[in-house]
Structure formats: structure tokens, C-alpha cells
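First comes the structure, then the notes that go with it.
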Amino acid sequence: MTIFSVIVLSALLLFFSLLIDYARIAALHKLTEDAVRSSVRSVLSAYDSALYERYGLFGRGGTEGGALFSQAMTANTEGPIGSNKQGMKLVRMKVESSELHAASFLGRHEVFGRQVLEEMKYKAPIDFTLELAARFAPMAGAMKEASVAVNLLEQMRKLYEKREAHLARVLMLQEQSSKTVGESGIAAMIPVQTGGMTAGVKSALRIASEYEEYAEMVIHDQMLPAGEKAKYTNEIKQYEDKVRSFVAELRRASVGMMKHHVELHGDAIQELEAARLRNEDMLRLAEQAKQQSNLSDYDAVSGRSITGSEPYQVPANSASDIKQVKEAANELVLPDGWFDDYRQELETQGTTAAAIAMEAGGFQTSSLASLAKPITSSASGVLLESVTSLRLAYGAYEEKYIHSAGIIGSRKQALEQGNIKAQLKQQEEQAGALWKRARSMLHGITAIPQTEEHIKIFEQVKKRYNDNLLFNWQSGKAAETAAEEIGNAMDAHEAGEQSTAVMDGLFSGMSGMLERTRDSFYFGEYVINRYLSFAPQHLRGMMTNGNVSELSQAVSFNNQEAEYIIYGFHNPIGNIAAAYGELFAARLAIRTMEGLIESKSLGHPLLILSAALIYGLEKTIEDMLAFTERGSAPLSKYVKVELKYTDYLRLFILMHGAEDEASFARMIAVIEQNSGTILSAVPSGVTGESKVTTQLWFVPGLMQVLGKFGLLEGKVVGNRYETTQTIGWSY
């Protein structure tokens, strides 16, 4: 029994000792994990305070991470330095080694973007929704109709001008045709007015009137007795030579006139056909405009229920008024019957001219036939009748196409459309003068002096930008944003079209923010809140009196960080010019919408368009000056609320996007330039690794056997158990 009891108790003692050491090993793992996690978090508690305070970013800074991790591990496992290590502890750990590794860096776009989103997700929606969306939402319907109307009318205007240019050439060819007849000399060779006969001048009427005398002389000489000498031989020969010479001259004049007339007539028909084709293009364009326009972003903004939008309302019928202006574009299209009538008019003119040539040929035939012997009594009447027909043919052409009160004169008045074209010309001159002034204001920005210091800083930023792209394994393309500059528009009409495109982009960005993705909006708000932008007051002197000297220091990089992030030009002028160009375009689109409403009473769609552009340019210039004076301008005469320059920058960021790789690289480049810290070397997360051991109390050999079966996470070395714990953590 004693031996049996010893065997049983020994087995139990061995089993319990094994359980005790196994429990201590399990506790060691738990304590080590907690110690490493706590130590890693202690390391992350030392962050770059300057980076956080200015940009809201967390990055490792301060005490060296490895030393901090080692110190924290020692304190978490073995107790603080100098503490009493006497007494009973179930698990007494010893740190054999510890290492700290950087897990991620702020220079990585995914890391940078995540921290920005965490920073802005609670701040951005409130600011933007209340300050911007609520103000634009009430006017979205009117802006949509204005965008459609301006684009339609501008396209119609271009086709209208081409059509009218073709019709003007048709009229010019008609006038040249009539001039060809009028200057052919045929009128004097007839002559049309009997009182215009001059002694000694050959004419068809004189030849006909002298024919009876010629006939009498021929009959007299023919009736002389044989052998008697003819009395009028010389006179007869002179008349016959005069007739032959005259009819040859008349033939040359009529053939030359008709040849030139036919060429001009053919050219006129071609020009008329070209005008008809442009008219068909206008008709198709008007029909397409009746279809639902693809501007759902405006509807998405106007259809949203946004807190704060109620106090701002445009006139209830403003959208319908602008829609009526758009529908009035159909009035510019001419019916097909109009071109048929004009073609018939050209054909009639050609036929009338051909009648002159035909009667001239008839007179030639009659004249030569009248010289045939013997002389007949009817020849004189036929010749006079031929002259009369020629006079009537020429007179019919002259009355219709040469006299100012004829068909060409009536057609000229019809093509001039009363006083419409004169008014359009006057408005074009006024709009051109305003656009010249506005363009000089915008181009004045490009004349701002650039110092070597400013250029050098931009070169440094460009290098940081390219380095960050390379760090993120991008292609390294440092292509600058190709921002649409309204200042490059050739005239006011092109500027108007570009302004509607800018406004379409703005509402598209707002629609995306309200309905779909908000990331771009969050990044935009981050840019506006954390980066400096160019104060419009700096441009006051340049826009009022053209003085740009005071801007030489104002265009420094630190004054245009936000603009650089949006547009990406690596020079002191490009970003400011792009931002204020788009600001001008946005203001022009809104003011042109107002102009369409104000000018609707003019009736003619092109007069309305030109007047709206004149109104828009005048008010936009006033707005730009208001920005330079107080930094803000009224959103609209209907939405009487002031919007700051930075509010428009928010919209431009939505339009261009701020979540792409290039934008991230520019944001990071600005931070590195200002702080001197290379974010590609700033960890935002770390991984701590520590090797910890503890002494086994009972049977290390048995525990080593268990380890060989894979029942332990560590290993037994001598009489100590050793384990390694790795924990990663990030901000």
C-alpha cells in the first residue's frame, strides 16, 4: 500500500506540477501581450504636436521610439526601475530583447487620406450644408434652364450667323449679277430711253430708224438703167458696215454679260443651298432641345430638403421665363418654303437676264437678215419690233433688279430683318467692349511680378510633390492641372458658354456631395480649413488701376496653398489665375441667368442672349471688384446673401476633385514645405516585438517534451520558458 500510494501520489504531484507551470505559461502569454500592446500605445502617445495642431494629423515624434518601447516593456513586465522585486509572484517575467518597427507612414496616400477623413467626417457636413448648399439650392432650377438656354442660343447663334453669312453672299451675288447687266453697256446700245440717243453713237434704235433710208438708197441704185453709175454705193456700204460692226459688238456684250451672269447665278444657288443646310441644322438643334436635357445634377440639388434654404427664394416663374426664352429659339428657323421662294427668285432673275441675251440675238438675226437683197417691205417693221423686244427685255430686268426699289431692294430689306441686325451689331459692340475690359482684368493677373524667391519655393514644392508620388509608386508624372481659363475666351459669347460649363461642374460636385460620395467634399473642406488661400483684397490695385507692383510679395507660395492643391501649377501665377478665372466664370453664369430674366421682353432670342451677356458682364465686373474690396459678393439679386471667395474654392474643389493621387501629393508637399518634416519618414503606426522569458518551477524537461508536440507557443531553453510577442498599432 505504501509503495502504491507513493506511486499514485508521485503521479499526481507530477501532473499538478505540470498544470501549474502550464498555467504560468498561459498567464505569461496574456501578460506579455498586454505589456507589448501597452508599450506600443505608449510609443504612439509621443506624437508630433506641431503636425497635429496645424494639420490634424497624427505622426510619431518626440522621444526616440525604440528607447521608449524598451523602457515601457521593462516597466510593464519587471516593474518600474527601483521598485521592490521581493515577494511571491506567480509569473516573474524578464525581457530578453525588444524591437520597434514602423508599420506605416503619413506619406502613404491611403494613410494620409484615412486620417483626413477621420478628422473631417464630423466637421465638414455641417459647415458646407448650411453655408453653401442651402444658398444654391433655391436657384438650381433657374440655373438649369439658364444653362440649357445659353448653350442652345449660343449654338443657334453660330449657325444663324453662318446661315446669314451665306444669305448675305447670295444677295451680294444677286447684286453683282445685276451690276453685270447694268455695266454691260447693253442699255446704251439699245438705248432703253429714246431720249438718250446721241448723234454719232451706234445703237439698235438708230440702226432701225435709219433702215428705211438705207432701203430707199438700195432700191434707188437697183432701179438705175444699165450702165449708169450707182449714186449711194458708199452710203450703203457705210450702213451695212455699221450694222455688222454693231451687231458683233452687241453680241460680244450680251454673251459676256450672260456668261458672267450664269456663273454668279450658279454661285448664288450654291450659297442658298448652304444656307438651307445651316437652317436644317438649326431646326435639328431646336428639336433636340425639346428633349429632356441631361442636367440631372441641378435637379438633385434643387430637390434636396436642406436646412436653411427657405429664406432664399428666386421668383417663382423665373425658370419658366427662361424656358420660354429657350423655346423662342425656334423663331430663328426659316421655313423650307422661304428657301424655295428665294430659289425661284434667283431662277427668275437668271431667266430675265437670259431674255436680254435672247432678244439681243434676235436683233442680230433681224439686222443681218434686213441687209439681204432684194430689200423687202417688211424688213423695217421686223427690225423695229426686234428693237422694241430688246428694250422691253432689258427694261424688265432693270426695273426688278437694278432699281433700288426692285426685287433685290426688297430682298435686302427682308434679310436685314428690320432693325434687328442693327441692334445685334450695337449689342455685340457693347458686349465686346465689356469683355475686353473683363479680359484685361483677368490677364492682368498674369502680369504680376514673380521674384526669384517665389519661383525657388515653387521648385522646392514641385520636388517634394514628385518625391511623394515616387514614394507611392506612382508614375512620377507631375502634370499640372489643365484648368479651363475663361480669360482665354475669344469673345463674350465664348465666355458665356464656358461659364455655363463651370456652373454645370459646380452643381455636379454639389450633387455628388449630397447624394453619392462625400470623400471629395471632406478632402475639400480639409483643404479650406487647414491651408491658406489667396485673399482677393490683394488684387484691388490691379483691377482698379492696373497697378501690379504691390502684388510682388502677395503671390508667395504660403498665400496660395489651397489654390495650388486645386490646380497644381508650379509657378506663382498659374494657380491664382485659374482660381479667379473660374470665379469670374461662376459669377458670369449666375449673372447671365439674371440677365435672361431681365431681357426677356426684347422678344428676339439673339437680342435676349446678347442683352443677357451684357448684363452678366457688367454685374460680374462689379462682383469681382466687390471681392477685391471686402472679400465677398452677393450670390444673386434673388438670393441676397454674401458668399466669400473661400466658399467658391469649396465648390471648385468639388468640381475638380481632391481625392486623387496628385491632389494628395500636393497636400503632402505643402505640409512638408511648411513643417520641414518629410511625411514619407513619419510613422503613423508601429509594430512592437519583445522576447520575454520566465523560470519554470518544476519539470522543464517534461514541458520541453510538450513543446515538441506543438502544445506550447514558445520554447523551453534550459529551465526557462521563452516566448516572443508582436503587436501592431496605429493612430
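Labeling convention for the C-alpha cells: chains A, B, ... as they appear, residues from 1 per chain, ligands from 1 in order of appearance.
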Taking the backbone alone, and naming residues the way the document does, which bits of region 550-670 of chain A are alpha helix (DSSP H) by DSSP, as a PyMOL selection string? chain A and resi 561-567+574-598+605-630+645-656+661-670
Residues of region 327-385 of chain A at most 12 Å from region 167-172 of chain A: nearest atom pair and distance in Å, only C-alpha atoms, as a tab-separated table:
residue	atom	partner	partner_atom	distance
A:Leu334	CA	A:Leu167	CA	12.0
A:Trp338	CA	A:Leu167	CA	11.9
A:Phe339	CA	A:Leu167	CA	10.1
A:Tyr342	CA	A:Val170	CA	9.7
A:Arg343	CA	A:Val170	CA	10.2
A:Glu345	CA	A:Leu171	CA	11.2
A:Leu346	CA	A:Val170	CA	9.2
If I take CA of Phe471 (chain A) and CA of Tyr531 (chain A), how far is one from the other in Å, to one decimal? 22.8 Å
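Excluding Asn330 (chain A) itself and same-chain residues fewer than 5 positions from it, the residues having an atom within 9 Å of it are Met282, Leu283, Ala286, Glu287 and Pro605 of chain A, counting only C-alpha atoms.
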I need the chosen residues saved as a compact mmCIF listing (two decimals), in the first residue's frame, with N, CA and C atoms.
# COMPACT_ATOMS: atom_id res chain seq x y z
N MET A 282 -30.10 74.12 -87.66
CA MET A 282 -30.77 74.89 -86.61
C MET A 282 -32.07 74.21 -86.21
N LEU A 283 -32.79 73.69 -87.19
CA LEU A 283 -34.05 73.00 -86.89
C LEU A 283 -33.81 71.75 -86.06
N ALA A 286 -32.95 72.76 -82.53
CA ALA A 286 -34.14 73.18 -81.79
C ALA A 286 -34.98 71.98 -81.38
N GLU A 287 -35.06 70.97 -82.26
CA GLU A 287 -35.83 69.76 -81.92
C GLU A 287 -35.15 69.00 -80.79
N PRO A 605 -34.75 86.14 -79.77
CA PRO A 605 -33.88 85.34 -78.88
C PRO A 605 -32.43 85.78 -78.86
Of the candidates A:Ala253, A:Ile20, A:Ile455, A:Ala149, which one gets nearest to Gly496 (chain A) if we count only C-alpha atoms?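 When distances to Gly496 (chain A) are compared using only C-alpha atoms, the smallest one comes from A:Ala149.
Counting only C-alpha atoms, the residue from A:Ser367, A:Gln498, A:Gln155, A:Gln324 that sits nearest to Ser601 (chain A) is A:Gln324.
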Just the residues within 10 Å of Ala611 (chain A), please, counting only C-alpha atoms, with nothing from its chain fewer than 2 positions along; format it as JSON, numbers by chain. {"A": [424, 427, 428, 430, 431, 592, 595, 596, 598, 599, 600, 602, 605, 606, 607, 608, 609, 613, 614, 615, 616, 617]}
Shell around region 107-110 of chain A at 9 Å using only C-alpha atoms, local window under 2 positions removed, as an mmCIF file with N, CA and C atoms, in the first residue's frame:
data_model
loop_
_atom_site.group_PDB
_atom_site.id
_atom_site.type_symbol
_atom_site.label_atom_id
_atom_site.label_comp_id
_atom_site.auth_asym_id
_atom_site.auth_seq_id
_atom_site.Cartn_x
_atom_site.Cartn_y
_atom_site.Cartn_z
ATOM 1 N N SER A 104 3.561 51.962 -40.816
ATOM 2 C CA SER A 104 3.002 52.748 -41.922
ATOM 3 C C SER A 104 3.490 54.184 -41.775
ATOM 4 N N PHE A 105 3.394 54.936 -42.884
ATOM 5 C CA PHE A 105 3.924 56.290 -42.888
ATOM 6 C C PHE A 105 2.870 57.267 -43.406
ATOM 7 N N PHE A 112 -2.619 58.848 -45.269
ATOM 8 C CA PHE A 112 -2.930 60.270 -45.191
ATOM 9 C C PHE A 112 -4.420 60.508 -45.397
ATOM 10 N N GLY A 113 -4.995 59.863 -46.409
ATOM 11 C CA GLY A 113 -6.414 60.050 -46.685
ATOM 12 C C GLY A 113 -7.292 59.576 -45.544
ATOM 13 N N ARG A 114 -6.929 58.450 -44.919
ATOM 14 C CA ARG A 114 -7.735 57.940 -43.806
ATOM 15 C C ARG A 114 -7.727 58.914 -42.637
ATOM 16 N N GLN A 115 -6.579 59.479 -42.326
ATOM 17 C CA GLN A 115 -6.517 60.419 -41.211
ATOM 18 C C GLN A 115 -7.303 61.699 -41.510
ATOM 19 N N ASN A 468 6.991 62.488 -53.413
ATOM 20 C CA ASN A 468 5.890 61.780 -52.769
ATOM 21 C C ASN A 468 5.189 60.849 -53.744
ATOM 22 N N PHE A 471 7.335 57.900 -53.956
ATOM 23 C CA PHE A 471 7.218 57.105 -52.739
ATOM 24 C C PHE A 471 5.970 56.228 -52.772
ATOM 25 N N ASN A 472 4.914 56.732 -53.403
ATOM 26 C CA ASN A 472 3.663 55.973 -53.502
ATOM 27 C C ASN A 472 3.591 55.139 -54.772
ATOM 28 N N GLU A 661 -4.601 60.906 -56.554
ATOM 29 C CA GLU A 661 -3.221 60.783 -56.100
ATOM 30 C C GLU A 661 -2.460 62.107 -56.203
ATOM 31 N N PHE A 664 -3.450 64.447 -53.348
ATOM 32 C CA PHE A 664 -2.825 64.012 -52.096
ATOM 33 C C PHE A 664 -1.351 64.409 -52.062
ATOM 34 N N ALA A 665 -0.680 64.183 -53.186
ATOM 35 C CA ALA A 665 0.747 64.506 -53.234
ATOM 36 C C ALA A 665 0.974 66.001 -53.025
ATOM 37 N N ILE A 668 0.442 66.863 -49.303
ATOM 38 C CA ILE A 668 1.593 66.419 -48.517
ATOM 39 C C ILE A 668 2.800 67.320 -48.782
ATOM 40 N N ILE A 678 9.433 65.427 -43.438
ATOM 41 C CA ILE A 678 9.143 64.579 -44.589
ATOM 42 C C ILE A 678 8.146 63.517 -44.137
ATOM 43 N N LEU A 679 6.898 63.628 -44.585
ATOM 44 C CA LEU A 679 5.855 62.702 -44.121
ATOM 45 C C LEU A 679 6.138 61.272 -44.545
ATOM 46 N N SER A 680 6.906 61.095 -45.594
ATOM 47 C CA SER A 680 7.246 59.739 -46.007
ATOM 48 C C SER A 680 8.118 59.041 -44.973
ATOM 49 N N ALA A 681 8.697 59.793 -44.035
ATOM 50 C CA ALA A 681 9.533 59.214 -42.979
ATOM 51 C C ALA A 681 8.864 59.301 -41.612
ATOM 52 N N VAL A 682 7.615 59.754 -41.563
ATOM 53 C CA VAL A 682 6.904 59.894 -40.282
ATOM 54 C C VAL A 682 5.958 58.719 -40.112
ATOM 55 N N PRO A 683 6.229 57.825 -39.145
ATOM 56 C CA PRO A 683 5.328 56.682 -38.949
ATOM 57 C C PRO A 683 4.000 57.136 -38.351
#
